[in-house]
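Peer 1: Below is the file input10.pdb, which contains PDB, C-alpha atoms.
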```pdb
ATOM      1  CA  GLN N1459     119.721  91.199  65.887
ATOM      2  CA  ASN N1460     119.475  92.146  62.212
ATOM      3  CA  SER N1461     118.924  88.654  60.763
ATOM      4  CA  PHE N1462     116.203  86.022  61.099
ATOM      5  CA  GLN N1463     115.900  82.473  59.784
ATOM      6  CA  ILE N1464     112.862  82.333  57.480
ATOM      7  CA  SER N1465     113.060  78.702  56.314
ATOM      8  CA  ASP N1466     115.250  75.652  56.878
ATOM      9  CA  SER N1467     118.054  77.118  54.793
ATOM     10  CA  THR N1468     117.286  80.800  54.151
ATOM     11  CA  TYR N1469     117.739  83.930  56.228
ATOM     12  CA  LEU N1470     116.527  87.534  56.059
ATOM     13  CA  SER N1471     118.807  90.419  57.021
ATOM     14  CA  SER N1472     118.379  94.155  56.902
ATOM     15  CA  GLY N1473     120.719  97.113  56.856
ATOM     16  CA  ASN N1474     121.562 100.550  55.501
ATOM     17  CA  TYR N1475     123.368 101.941  52.508
ATOM     18  CA  GLY N1476     124.579 105.525  52.398
ATOM     19  CA  VAL N1477     124.111 106.516  56.043
ATOM     20  CA  ASN N1478     126.525 109.472  55.740
ATOM     21  CA  PHE N1479     124.046 111.402  53.621
ATOM     22  CA  TYR N1480     120.837 109.804  52.399
ATOM     23  CA  GLY N1481     120.324 106.409  54.018
ATOM     24  CA  LEU N1482     118.469 103.664  52.167
ATOM     25  CA  ALA N1483     117.015 100.734  54.076
ATOM     26  CA  GLY N1484     117.083  97.323  52.449
ATOM     27  CA  ARG N1485     116.607  93.635  53.031
ATOM     28  CA  VAL N1486     118.598  90.656  51.795
ATOM     29  CA  ILE N1487     117.585  86.990  51.661
ATOM     30  CA  TRP N1488     120.522  84.590  51.677
ATOM     31  CA  ASP N1489     121.155  80.890  52.037
ATOM     32  CA  SER N1490     123.152  78.971  54.640
ATOM     33  CA  SER N1491     126.272  79.220  52.454
ATOM     34  CA  GLY N1492     126.048  83.015  52.354
ATOM     35  CA  ASN N1493     124.825  83.234  48.752
ATOM     36  CA  VAL N1494     122.428  86.124  48.100
ATOM     37  CA  ILE N1495     119.064  84.886  46.837
ATOM     38  CA  ASP N1496     117.354  88.276  46.659
ATOM     39  CA  ALA N1497     118.140  91.859  47.656
ATOM     40  CA  LYS N1498     115.795  94.833  47.648
ATOM     41  CA  TYR N1499     115.735  98.428  48.832
ATOM     42  CA  LEU N1500     112.612  99.199  50.837
ATOM     43  CA  ASP N1501     110.235 101.861  49.502
ATOM     44  CA  VAL N1502     110.594 104.275  52.426
ATOM     45  CA  ASP N1503     109.581 107.929  52.105
ATOM     46  CA  HIS N1504     112.620 109.429  53.861
ATOM     47  CA  SER N1505     116.280 108.846  54.524
ATOM     48  CA  PHE N1506     116.438 106.118  57.163
ATOM     49  CA  TYR N1507     119.120 105.480  59.756
ATOM     50  CA  LEU N1508     118.581 101.894  60.898
ATOM     51  CA  GLN N1509     119.203 100.820  64.481
ATOM     52  CA  GLY N1510     117.742  97.330  64.354
ATOM     53  CA  LEU N1511     115.308  94.746  63.072
ATOM     54  CA  THR N1512     112.768  92.643  64.943
ATOM     55  CA  ARG N1513     110.279  90.045  63.797
ATOM     56  CA  ILE N1514     106.538  90.587  64.274
ATOM     57  CA  ASP N1515     105.341  87.229  62.918
ATOM     58  CA  ALA N1516     106.139  84.720  60.160
ATOM     59  CA  ASP N1517     105.875  87.317  57.368
ATOM     60  CA  ARG N1518     106.188  90.757  59.014
ATOM     61  CA  PHE N1519     109.379  92.445  60.163
ATOM     62  CA  LEU N1520     109.932  95.780  61.897
ATOM     63  CA  LEU N1521     112.842  98.130  61.312
ATOM     64  CA  TYR N1522     113.396 100.863  63.885
ATOM     65  CA  GLY N1523     115.698 103.845  64.034
ATOM     66  CA  GLN N1524     115.429 107.370  62.710
ATOM     67  CA  PHE N1525     114.136 109.225  59.655
ATOM     68  CA  ASP N1526     116.283 112.113  58.479
ATOM     69  CA  PHE N1527     114.291 114.925  56.870
ATOM     70  CA  TYR N1528     115.895 117.143  54.240
ATOM     71  CA  HIS N1529     114.738 120.534  52.960
ATOM     72  CA  GLU N1530     112.983 120.108  49.605
ATOM     73  CA  THR N1531     114.944 122.801  47.743
ATOM     74  CA  SER N1532     118.245 123.311  49.609
ATOM     75  CA  GLY N1533     118.788 119.637  50.420
ATOM     76  CA  ASN N1534     119.954 120.561  53.931
ATOM     77  CA  LEU N1535     119.295 118.149  56.778
ATOM     78  CA  ILE N1536     116.639 119.867  58.913
ATOM     79  CA  ASP N1537     115.141 117.325  61.338
ATOM     80  CA  HIS N1538     115.372 113.806  62.794
ATOM     81  CA  ALA N1539     112.389 111.695  63.818
ATOM     82  CA  ALA N1540     112.123 108.379  65.605
ATOM     83  CA  ALA N1541     110.837 105.909  63.014
ATOM     84  CA  MET N1542     109.439 102.423  62.465
ATOM     85  CA  VAL N1543     109.023 100.643  59.130
ATOM     86  CA  CYS N1544     107.087  97.378  58.783
ATOM     87  CA  PHE N1545     107.732  95.194  55.744
ATOM     88  CA  ASN N1546     107.008  91.657  54.624
ATOM     89  CA  HIS N1547     109.203  88.780  53.431
ATOM     90  CA  ASN N1548     109.018  90.096  49.833
ATOM     91  CA  GLY N1549     110.336  93.500  50.896
ATOM     92  CA  ASP N1550     107.002  95.297  50.465
ATOM     93  CA  VAL N1551     106.589  98.164  52.941
ATOM     94  CA  LEU N1552     103.306  97.620  54.811
ATOM     95  CA  TRP N1553     103.499 100.821  56.845
ATOM     96  CA  GLN N1554     105.993 103.416  57.980
ATOM     97  CA  LYS N1555     105.654 105.890  60.820
ATOM     98  CA  ALA N1556     107.577 108.861  62.207
ATOM     99  CA  TYR N1557     107.342 109.820  65.884
ATOM    100  CA  GLY N1558     108.532 112.856  67.804
ATOM    101  CA  GLY N1559     108.241 116.622  67.746
ATOM    102  CA  TYR N1560     108.897 118.907  64.817
ATOM    103  CA  ALA N1561     111.360 121.759  64.958
ATOM    104  CA  PRO N1562     109.636 125.186  64.946
ATOM    105  CA  GLY N1563     108.811 126.227  61.388
ATOM    106  CA  TYR N1564     109.157 122.715  59.941
ATOM    107  CA  PRO N1565     109.221 121.988  56.991
ATOM    108  CA  ASP N1566     110.235 125.509  55.928
ATOM    109  CA  ILE N1567     113.373 125.709  58.073
ATOM    110  CA  GLU N1568     116.595 125.440  56.099
ATOM    111  CA  GLU N1569     119.153 124.437  58.734
ATOM    112  CA  PRO N1570     119.194 121.635  61.316
ATOM    113  CA  PHE N1571     117.446 122.360  64.587
ATOM    114  CA  TYR N1572     119.015 119.860  66.948
ATOM    115  CA  ASP N1573     116.701 120.676  69.855
ATOM    116  CA  TYR N1574     114.113 118.422  68.172
ATOM    117  CA  THR N1575     115.868 115.150  67.422
ATOM    118  CA  ASP N1576     114.374 111.767  68.212
ATOM    119  CA  GLY N1577     115.352 108.170  67.536
ATOM    120  CA  PHE N1578     114.645 104.573  68.546
ATOM    121  CA  ILE N1579     117.391 102.200  69.712
ATOM    122  CA  ASP N1580     115.289  99.112  70.466
ATOM    123  CA  ALA N1581     111.824  97.696  69.799
ATOM    124  CA  GLN N1582     110.036  94.717  71.296
ATOM    125  CA  ILE N1583     106.912  92.938  70.078
ATOM    126  CA  ASP N1584     104.229  91.886  72.572
ATOM    127  CA  THR N1585     102.384  89.174  70.621
ATOM    128  CA  VAL N1586      99.844  88.518  73.398
ATOM    129  CA  ASN N1587      98.573  92.120  73.534
ATOM    130  CA  GLN N1588      99.523  92.931  69.918
ATOM    131  CA  ARG N1589     101.726  95.881  70.871
ATOM    132  CA  ILE N1590     105.035  97.348  69.767
ATOM    133  CA  TYR N1591     107.174  98.931  72.489
ATOM    134  CA  ALA N1592     109.936 101.112  71.092
ATOM    135  CA  ILE N1593     112.495 102.931  73.226
ATOM    136  CA  GLY N1594     115.022 105.559  72.373
ATOM    137  CA  SER N1595     115.862 109.149  73.165
ATOM    138  CA  SER N1596     114.264 112.487  72.414
ATOM    139  CA  THR N1597     115.057 116.164  72.804
ATOM    140  CA  SER N1598     111.562 117.212  71.636
ATOM    141  CA  PHE N1599     109.452 116.729  74.742
ATOM    142  CA  ASN N1600     111.193 118.659  77.504
ATOM    143  CA  SER N1601     111.634 122.407  77.799
ATOM    144  CA  GLU N1602     115.426 122.138  78.168
ATOM    145  CA  HIS N1603     115.621 120.080  74.939
ATOM    146  CA  GLU N1604     118.007 117.695  76.628
ATOM    147  CA  GLN N1605     118.371 114.152  75.407
ATOM    148  CA  LYS N1606     116.051 112.054  77.572
ATOM    149  CA  PRO N1607     114.531 108.555  77.382
ATOM    150  CA  TYR N1608     111.589 108.218  75.022
ATOM    151  CA  MET N1609     109.088 105.368  74.674
ATOM    152  CA  VAL N1610     106.291 104.700  72.215
ATOM    153  CA  CYS N1611     103.638 102.026  72.539
ATOM    154  CA  ALA N1612     101.693 101.204  69.377
ATOM    155  CA  LYS N1613      98.999  98.655  68.616
ATOM    156  CA  LEU N1614      99.831  96.265  65.830
ATOM    157  CA  PRO N1615      97.360  96.378  62.939
ATOM    158  CA  SER N1616      94.944  93.452  63.274
ATOM    159  CA  PHE N1617      93.739  93.300  59.689
ATOM    160  CA  SER N1618      94.272  90.232  57.532
ATOM    161  CA  PRO N1619      95.371  89.865  54.841
ATOM    162  CA  LEU N1620      97.712  92.816  55.126
ATOM    163  CA  ASN N1621      96.704  95.854  53.119
ATOM    164  CA  PRO N1622      99.948  97.589  52.072
ATOM    165  CA  ASN N1623      98.255 101.007  52.017
ATOM    166  CA  GLU N1624      96.376 100.925  55.320
ATOM    167  CA  PHE N1625      99.144 102.302  57.541
ATOM    168  CA  LYS N1626     101.571 103.704  54.969
ATOM    169  CA  THR N1627     102.095 107.133  56.458
ATOM    170  CA  SER N1628     105.000 109.050  57.857
ATOM    171  CA  SER N1629     104.075 112.712  57.882
ATOM    172  CA  ASP N1630     101.630 112.875  60.789
ATOM    173  CA  ARG N1631     103.917 112.600  63.792
ATOM    174  CA  PRO N1632     102.018 112.178  67.074
ATOM    175  CA  ASN N1633     102.314 114.615  69.940
ATOM    176  CA  ALA N1634     103.146 113.761  73.519
ATOM    177  CA  SER N1635      99.706 114.354  74.994
ATOM    178  CA  SER N1636      98.269 110.853  74.638
ATOM    179  CA  SER N1637      97.715 108.976  77.888
ATOM    180  CA  SER N1638      97.544 105.319  76.856
ATOM    181  CA  CYS N1639      98.612 102.906  74.178
ATOM    182  CA  HIS N1640      96.866 103.845  70.949
ATOM    183  CA  SER N1641      96.718 102.749  67.353
ATOM    184  CA  LEU N1642      99.721 103.198  65.117
ATOM    185  CA  SER N1643      98.513 106.655  64.137
ATOM    186  CA  LEU N1644      99.109 107.880  67.710
ATOM    187  CA  GLY N1645     101.546 106.136  69.929
ATOM    188  CA  MET N1646     102.755 107.580  73.242
ATOM    189  CA  CYS N1647     102.482 105.338  76.321
ATOM    190  CA  GLN N1648     102.944 107.854  79.106
ATOM    191  CA  PRO N1649     100.622 110.708  80.105
ATOM    192  CA  SER N1650     101.601 114.207  79.064
ATOM    193  CA  GLY N1651     104.427 115.659  81.113
ATOM    194  CA  GLN N1652     105.816 112.326  82.291
ATOM    195  CA  THR N1653     109.155 111.014  81.189
ATOM    196  CA  PRO N1654     109.533 107.232  80.964
TER     197      PRO N1654
END
```
Can the structure in the file be given as C-alpha coordinates, please?
Peer 2:
Amino acid sequence: QNSFQISDSTYLSSGNYGVNFYGLAGRVIWDSSGNVIDAKYLDVDHSFYLQGLTRIDADRFLLYGQFDFYHETSGNLIDHAAAMVCFNHNGDVLWQKAYGGYAPGYPDIEEPFYDYTDGFIDAQIDTVNQRIYAIGSSTSFNSEHEQKPYMVCAKLPSFSPLNPNEFKTSSDRPNASSSSCHSLSLGMCQPSGQTP
(Lines of atoms letter the chains of each structure in order from A and count residues from 1; the text may use other names and numbers.)
(Lines give C-alpha, C1' and ligand atoms only; values in the text may rest on other atoms or scores of the structure.)
Protein backbone atom coordinates (compact mmCIF):
# COMPACT_ATOMS: atom_id res chain seq x y z
CA GLN A 1 0.00 0.00 0.00
CA ASN A 2 1.52 3.32 -1.07
CA SER A 3 -1.42 5.60 -0.18
CA PHE A 4 -3.20 6.52 3.05
CA GLN A 5 -6.28 8.63 3.76
CA ILE A 6 -5.21 11.57 5.93
CA SER A 7 -8.54 13.43 6.24
CA ASP A 8 -12.13 13.04 5.08
CA SER A 9 -11.22 14.00 1.53
CA THR A 10 -7.42 13.98 1.20
CA TYR A 11 -4.89 11.21 0.67
CA LEU A 12 -1.11 10.87 0.92
CA SER A 13 0.84 8.77 -1.58
CA SER A 14 4.52 8.16 -2.07
CA GLY A 15 6.67 6.98 -4.94
CA ASN A 16 9.89 7.29 -6.91
CA TYR A 17 11.15 9.37 -9.78
CA GLY A 18 14.22 8.38 -11.76
CA VAL A 19 14.75 4.84 -10.48
CA ASN A 20 16.91 3.88 -13.49
CA PHE A 21 19.76 6.06 -12.26
CA TYR A 22 19.33 8.35 -9.27
CA GLY A 23 16.02 7.70 -7.54
CA LEU A 24 14.21 10.50 -5.73
CA ALA A 25 11.56 9.70 -3.15
CA GLY A 26 8.55 11.98 -2.90
CA ARG A 27 5.11 12.36 -1.44
CA VAL A 28 1.90 13.70 -2.97
CA ILE A 29 -1.26 14.88 -1.23
CA TRP A 30 -4.37 14.68 -3.40
CA ASP A 31 -8.11 15.01 -3.03
CA SER A 32 -10.88 12.49 -3.67
CA SER A 33 -11.20 13.74 -7.27
CA GLY A 34 -7.52 13.05 -7.96
CA ASN A 35 -6.43 16.70 -7.94
CA VAL A 36 -2.92 17.26 -6.57
CA ILE A 37 -2.96 19.54 -3.53
CA ASP A 38 0.77 19.38 -2.78
CA ALA A 39 3.79 17.45 -4.04
CA LYS A 40 7.27 17.38 -2.55
CA TYR A 41 10.52 15.48 -2.97
CA LEU A 42 11.83 14.17 0.34
CA ASP A 43 15.22 15.43 1.54
CA VAL A 44 16.97 12.04 1.51
CA ASP A 45 20.77 11.79 1.52
CA HIS A 46 21.07 9.05 -1.13
CA SER A 47 19.39 7.67 -4.20
CA PHE A 48 16.37 5.74 -2.94
CA TYR A 49 14.62 2.78 -4.52
CA LEU A 50 11.20 2.62 -2.87
CA GLN A 51 9.47 -0.67 -2.14
CA GLY A 52 6.60 0.57 -0.02
CA LEU A 53 5.03 2.95 2.45
CA THR A 54 3.47 2.27 5.84
CA ARG A 55 1.88 4.53 8.41
CA ILE A 56 3.38 4.87 11.90
CA ASP A 57 0.74 7.19 13.38
CA ALA A 58 -1.46 10.15 12.41
CA ASP A 59 1.50 12.28 11.24
CA ARG A 60 4.42 9.89 10.64
CA PHE A 61 4.95 7.65 7.63
CA LEU A 62 7.70 5.14 6.86
CA LEU A 63 9.19 4.46 3.45
CA TYR A 64 11.24 1.30 3.06
CA GLY A 65 13.40 -0.07 0.28
CA GLN A 66 17.01 0.47 -0.67
CA PHE A 67 19.59 3.26 -0.79
CA ASP A 68 21.90 3.21 -3.79
CA PHE A 69 25.36 4.59 -3.06
CA TYR A 70 27.41 6.19 -5.83
CA HIS A 71 31.14 6.93 -5.91
CA GLU A 72 31.73 10.62 -5.17
CA THR A 73 34.01 11.31 -8.16
CA SER A 74 33.28 8.63 -10.79
CA GLY A 75 29.52 8.54 -10.21
CA ASN A 76 29.55 4.74 -10.47
CA LEU A 77 27.02 2.74 -8.47
CA ILE A 78 29.08 1.00 -5.78
CA ASP A 79 26.73 -0.37 -3.09
CA HIS A 80 23.11 -1.02 -2.07
CA ALA A 81 21.80 -0.79 1.48
CA ALA A 82 18.47 -1.68 3.02
CA ALA A 83 16.88 1.63 4.02
CA MET A 84 14.05 3.26 5.96
CA VAL A 85 12.98 6.90 5.77
CA CYS A 86 10.48 8.42 8.22
CA PHE A 87 8.68 11.62 7.23
CA ASN A 88 5.70 13.63 8.39
CA HIS A 89 2.53 14.86 6.66
CA ASN A 90 4.37 18.01 5.47
CA GLY A 91 7.06 15.94 3.78
CA ASP A 92 9.77 16.76 6.33
CA VAL A 93 12.24 13.89 6.78
CA LEU A 94 12.37 13.04 10.50
CA TRP A 95 15.04 10.37 10.19
CA GLN A 96 16.63 8.11 7.61
CA LYS A 97 18.65 4.97 8.19
CA ALA A 98 20.71 2.53 6.13
CA TYR A 99 21.14 -1.10 7.21
CA GLY A 100 23.39 -3.87 5.97
CA GLY A 101 27.05 -4.58 5.35
CA TYR A 102 29.47 -2.48 3.36
CA ALA A 103 31.46 -3.84 0.46
CA PRO A 104 35.20 -4.17 1.27
CA GLY A 105 36.95 -0.84 0.75
CA TYR A 106 33.74 1.22 0.81
CA PRO A 107 33.47 4.15 0.05
CA ASP A 108 36.68 4.13 -2.01
CA ILE A 109 35.66 1.29 -4.34
CA GLU A 110 34.79 2.43 -7.84
CA GLU A 111 32.73 -0.46 -9.21
CA PRO A 112 29.68 -2.29 -7.85
CA PHE A 113 30.37 -5.11 -5.43
CA TYR A 114 27.20 -7.17 -5.62
CA ASP A 115 28.20 -9.53 -2.81
CA TYR A 116 27.04 -6.81 -0.38
CA THR A 117 23.56 -5.81 -1.48
CA ASP A 118 20.65 -5.44 0.92
CA GLY A 119 17.07 -4.25 0.64
CA PHE A 120 13.71 -4.23 2.42
CA ILE A 121 10.51 -5.48 0.76
CA ASP A 122 8.07 -4.99 3.64
CA ALA A 123 7.80 -3.21 6.98
CA GLN A 124 5.26 -3.52 9.77
CA ILE A 125 4.63 -1.22 12.72
CA ASP A 126 4.02 -2.69 16.18
CA THR A 127 2.26 0.21 17.94
CA VAL A 128 1.94 -1.65 21.26
CA ASN A 129 5.70 -2.27 21.66
CA GLN A 130 6.74 0.74 19.53
CA ARG A 131 8.77 -1.35 17.08
CA ILE A 132 9.39 -1.44 13.35
CA TYR A 133 9.88 -4.88 11.80
CA ALA A 134 11.38 -4.72 8.33
CA ILE A 135 12.06 -7.76 6.16
CA GLY A 136 13.97 -8.15 2.96
CA SER A 137 17.01 -9.90 1.59
CA SER A 138 20.74 -9.54 2.09
CA THR A 139 23.94 -10.92 0.62
CA SER A 140 26.10 -9.19 3.28
CA PHE A 141 25.77 -11.50 6.26
CA ASN A 142 26.70 -14.96 5.01
CA SER A 143 30.08 -16.18 3.83
CA GLU A 144 28.70 -17.39 0.48
CA HIS A 145 27.18 -13.94 -0.18
CA GLU A 146 23.99 -15.58 -1.35
CA GLN A 147 20.72 -13.74 -1.23
CA LYS A 148 19.06 -14.75 2.04
CA PRO A 149 16.20 -13.43 4.20
CA TYR A 150 17.06 -10.41 6.31
CA MET A 151 15.12 -8.84 9.19
CA VAL A 152 15.64 -5.69 11.22
CA CYS A 153 13.80 -4.75 14.39
CA ALA A 154 14.04 -1.11 15.45
CA LYS A 155 12.50 0.83 18.32
CA LEU A 156 10.42 3.78 17.27
CA PRO A 157 11.65 7.09 18.69
CA SER A 158 9.51 8.01 21.71
CA PHE A 159 10.24 11.72 21.81
CA SER A 160 7.51 14.31 21.38
CA PRO A 161 7.25 16.66 19.66
CA LEU A 162 9.34 15.17 16.89
CA ASN A 163 12.81 16.64 16.54
CA PRO A 164 13.69 16.45 12.82
CA ASN A 165 17.42 16.16 13.59
CA GLU A 166 17.38 13.52 16.32
CA PHE A 167 17.57 10.44 14.09
CA LYS A 168 18.60 11.97 10.76
CA THR A 169 21.48 9.68 9.93
CA SER A 170 22.27 7.22 7.20
CA SER A 171 26.00 6.62 7.22
CA ASP A 172 26.41 4.43 10.31
CA ARG A 173 25.05 1.10 9.13
CA PRO A 174 24.70 -1.44 11.95
CA ASN A 175 26.50 -4.76 11.96
CA ALA A 176 24.92 -8.15 12.43
CA SER A 177 26.23 -8.84 15.92
CA SER A 178 23.37 -7.38 17.96
CA SER A 179 21.26 -9.90 19.86
CA SER A 180 18.00 -8.07 20.55
CA CYS A 181 15.81 -5.27 19.33
CA HIS A 182 17.67 -2.00 19.79
CA SER A 183 17.21 1.67 19.12
CA LEU A 184 17.13 2.95 15.57
CA SER A 185 20.89 3.41 15.61
CA LEU A 186 21.35 -0.38 15.83
CA GLY A 187 18.68 -2.69 14.62
CA MET A 188 19.21 -6.43 14.14
CA CYS A 189 16.71 -8.78 15.81
CA GLN A 190 18.54 -12.07 15.62
CA PRO A 191 21.75 -13.08 17.41
CA SER A 192 24.95 -13.11 15.39
CA GLY A 193 25.22 -16.06 13.04
CA GLN A 194 21.50 -16.77 12.86
CA THR A 195 19.48 -16.25 9.74
CA PRO A 196 15.82 -15.30 10.19
Peer 1: Rank nothing, just name the residue among N:Ala1497, N:Leu1482, N:Leu1508, N:Met1609 nearest to N:Asn1460, using only C-alpha atoms.
Peer 2: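 Of N:Ala1497, N:Leu1482, N:Leu1508, N:Met1609, the one nearest N:Asn1460, counting only C-alpha atoms, is N:Leu1508.
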Peer 1: For N:Glu1568, which residue among N:Gln1605, N:Ser1471, N:Thr1531, N:Thr1597 is the nearest when counting all atoms listed in the file?
Peer 2: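 Looking only at the distances to N:Glu1568, the closest residue turns out to be N:Thr1531.
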Peer 1: Atom CA of N:Asp1515 and atom CA of N:Val1610 are how many Å apart?
Peer 2: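 Going from atom CA of N:Asp1515 over to atom CA of N:Val1610, I get 19.8 Å.
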Peer 1: Which residue gives the smallest distance to N:Pro1565 among N:Asp1537, N:Asp1489, N:Glu1602, N:Asp1501, with only C-alpha atoms counted?
Peer 2: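 Of the candidates, the smallest distance to N:Pro1565 is held by N:Asp1537.
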Peer 1: What is the atom CA of N:Gly1563 to atom CA of N:Ser1601 distance in Å?
Peer 2: 17.1 Å
Peer 1: Could you pull the residues within 9 Å of N:Tyr1522, counting all atoms listed in the file, minus those fewer than 3 positions along the same chain, as a list in words?
Peer 2: Tyr1507, Leu1508, Gln1509, Gly1510, Leu1511, Thr1512, Ala1540, Ala1541, Met1542, Val1543, Cys1544, Gly1577, Phe1578, Ile1579, Asp1580, Ala1581 and Ala1592 of chain N
Peer 1: Have a look at N:Val1494, N:Ala1612, N:Ala1556, N:Ala1539 and name the one nearest to N:Ser1598; count all atoms listed in the file.
Peer 2: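 Nearest candidate to N:Ser1598 out of N:Val1494, N:Ala1612, N:Ala1556, N:Ala1539: N:Ala1539.
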Peer 1: Which of these, N:Leu1552, N:Val1486, N:Ile1495, N:Leu1535, has the shortest distance to N:Phe1462 once you count only C-alpha atoms?
Peer 2: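 Nearest to N:Phe1462: N:Val1486.
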Peer 1: Please supply stretch 1509-1520 of chain N, rebuilt with all heavy atoms, as an mmCIF file, in the coordinates of the input.
Peer 2:
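In the end it all went to out_31.cif:
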```cif
data_model
loop_
_atom_site.group_PDB
_atom_site.id
_atom_site.type_symbol
_atom_site.label_atom_id
_atom_site.label_comp_id
_atom_site.auth_asym_id
_atom_site.auth_seq_id
_atom_site.Cartn_x
_atom_site.Cartn_y
_atom_site.Cartn_z
ATOM 1 N N GLN N 1509 118.598 101.294 63.233
ATOM 2 C CA GLN N 1509 119.203 100.820 64.481
ATOM 3 C C GLN N 1509 119.040 99.324 64.663
ATOM 4 O O GLN N 1509 119.890 98.681 65.260
ATOM 5 C CB GLN N 1509 118.589 101.542 65.677
ATOM 6 C CG GLN N 1509 119.067 102.956 65.849
ATOM 7 C CD GLN N 1509 120.519 103.033 66.306
ATOM 8 O OE1 GLN N 1509 121.054 102.119 66.919
ATOM 9 N NE2 GLN N 1509 121.167 104.124 65.974
ATOM 10 N N GLY N 1510 117.932 98.755 64.161
ATOM 11 C CA GLY N 1510 117.742 97.330 64.354
ATOM 12 C C GLY N 1510 116.523 96.794 63.634
ATOM 13 O O GLY N 1510 115.747 97.531 63.027
ATOM 14 N N LEU N 1511 116.379 95.488 63.726
ATOM 15 C CA LEU N 1511 115.308 94.746 63.072
ATOM 16 C C LEU N 1511 114.724 93.773 64.085
ATOM 17 O O LEU N 1511 115.464 93.136 64.836
ATOM 18 C CB LEU N 1511 115.873 93.966 61.875
ATOM 19 C CG LEU N 1511 114.970 92.953 61.181
ATOM 20 C CD1 LEU N 1511 113.899 93.666 60.362
ATOM 21 C CD2 LEU N 1511 115.800 92.048 60.266
ATOM 22 N N THR N 1512 113.412 93.659 64.120
ATOM 23 C CA THR N 1512 112.768 92.643 64.943
ATOM 24 C C THR N 1512 111.669 91.986 64.118
ATOM 25 O O THR N 1512 111.227 92.541 63.112
ATOM 26 C CB THR N 1512 112.227 93.225 66.270
ATOM 27 O OG1 THR N 1512 111.871 92.148 67.135
ATOM 28 C CG2 THR N 1512 111.050 94.145 66.040
ATOM 29 N N ARG N 1513 111.281 90.805 64.541
ATOM 30 C CA ARG N 1513 110.279 90.045 63.797
ATOM 31 C C ARG N 1513 108.930 90.157 64.495
ATOM 32 O O ARG N 1513 108.823 89.936 65.703
ATOM 33 C CB ARG N 1513 110.714 88.586 63.719
ATOM 34 C CG ARG N 1513 109.901 87.753 62.759
ATOM 35 C CD ARG N 1513 110.494 86.364 62.621
ATOM 36 N NE ARG N 1513 109.983 85.730 61.422
ATOM 37 C CZ ARG N 1513 110.537 84.687 60.851
ATOM 38 N NH1 ARG N 1513 111.629 84.157 61.355
ATOM 39 N NH2 ARG N 1513 110.017 84.173 59.771
ATOM 40 N N ILE N 1514 107.888 90.498 63.724
ATOM 41 C CA ILE N 1514 106.538 90.587 64.274
ATOM 42 C C ILE N 1514 105.866 89.219 64.238
ATOM 43 O O ILE N 1514 105.301 88.762 65.226
ATOM 44 C CB ILE N 1514 105.698 91.629 63.501
ATOM 45 C CG1 ILE N 1514 106.320 93.018 63.671
ATOM 46 C CG2 ILE N 1514 104.245 91.602 63.965
ATOM 47 C CD1 ILE N 1514 105.680 94.090 62.825
ATOM 48 N N ASP N 1515 105.916 88.561 63.080
ATOM 49 C CA ASP N 1515 105.341 87.229 62.918
ATOM 50 C C ASP N 1515 106.044 86.553 61.743
ATOM 51 O O ASP N 1515 107.102 87.009 61.316
ATOM 52 C CB ASP N 1515 103.810 87.283 62.747
ATOM 53 C CG ASP N 1515 103.363 88.182 61.610
ATOM 54 O OD1 ASP N 1515 104.093 88.295 60.592
ATOM 55 O OD2 ASP N 1515 102.271 88.773 61.715
ATOM 56 N N ALA N 1516 105.472 85.499 61.207
ATOM 57 C CA ALA N 1516 106.139 84.720 60.160
ATOM 58 C C ALA N 1516 106.455 85.545 58.913
ATOM 59 O O ALA N 1516 107.432 85.263 58.221
ATOM 60 C CB ALA N 1516 105.273 83.524 59.770
ATOM 61 N N ASP N 1517 105.652 86.565 58.609
ATOM 62 C CA ASP N 1517 105.875 87.317 57.368
ATOM 63 C C ASP N 1517 106.000 88.821 57.563
ATOM 64 O O ASP N 1517 106.055 89.562 56.604
ATOM 65 C CB ASP N 1517 104.737 87.029 56.372
ATOM 66 C CG ASP N 1517 105.063 87.562 54.975
ATOM 67 O OD1 ASP N 1517 106.203 87.332 54.506
ATOM 68 O OD2 ASP N 1517 104.200 88.230 54.377
ATOM 69 N N ARG N 1518 106.046 89.315 58.800
ATOM 70 C CA ARG N 1518 106.188 90.757 59.014
ATOM 71 C C ARG N 1518 107.412 91.037 59.884
ATOM 72 O O ARG N 1518 107.639 90.367 60.895
ATOM 73 C CB ARG N 1518 104.937 91.348 59.671
ATOM 74 C CG ARG N 1518 103.732 91.346 58.760
ATOM 75 C CD ARG N 1518 102.552 92.056 59.400
ATOM 76 N NE ARG N 1518 102.114 91.350 60.611
ATOM 77 C CZ ARG N 1518 101.258 91.841 61.491
ATOM 78 N NH1 ARG N 1518 100.751 93.053 61.325
ATOM 79 N NH2 ARG N 1518 100.894 91.130 62.542
ATOM 80 N N PHE N 1519 108.161 92.047 59.473
ATOM 81 C CA PHE N 1519 109.379 92.445 60.163
ATOM 82 C C PHE N 1519 109.300 93.942 60.442
ATOM 83 O O PHE N 1519 108.658 94.684 59.705
ATOM 84 C CB PHE N 1519 110.611 92.132 59.296
ATOM 85 C CG PHE N 1519 110.737 90.678 58.981
ATOM 86 C CD1 PHE N 1519 110.085 90.140 57.878
ATOM 87 C CD2 PHE N 1519 111.487 89.833 59.784
ATOM 88 C CE1 PHE N 1519 110.182 88.787 57.577
ATOM 89 C CE2 PHE N 1519 111.582 88.475 59.498
ATOM 90 C CZ PHE N 1519 110.931 87.954 58.386
ATOM 91 N N LEU N 1520 109.966 94.380 61.506
ATOM 92 C CA LEU N 1520 109.932 95.780 61.897
ATOM 93 C C LEU N 1520 111.344 96.335 61.984
ATOM 94 O O LEU N 1520 112.171 95.834 62.748
ATOM 95 C CB LEU N 1520 109.241 95.934 63.262
ATOM 96 C CG LEU N 1520 109.094 97.364 63.757
ATOM 97 C CD1 LEU N 1520 107.985 98.075 62.982
ATOM 98 C CD2 LEU N 1520 108.799 97.379 65.250
#
```
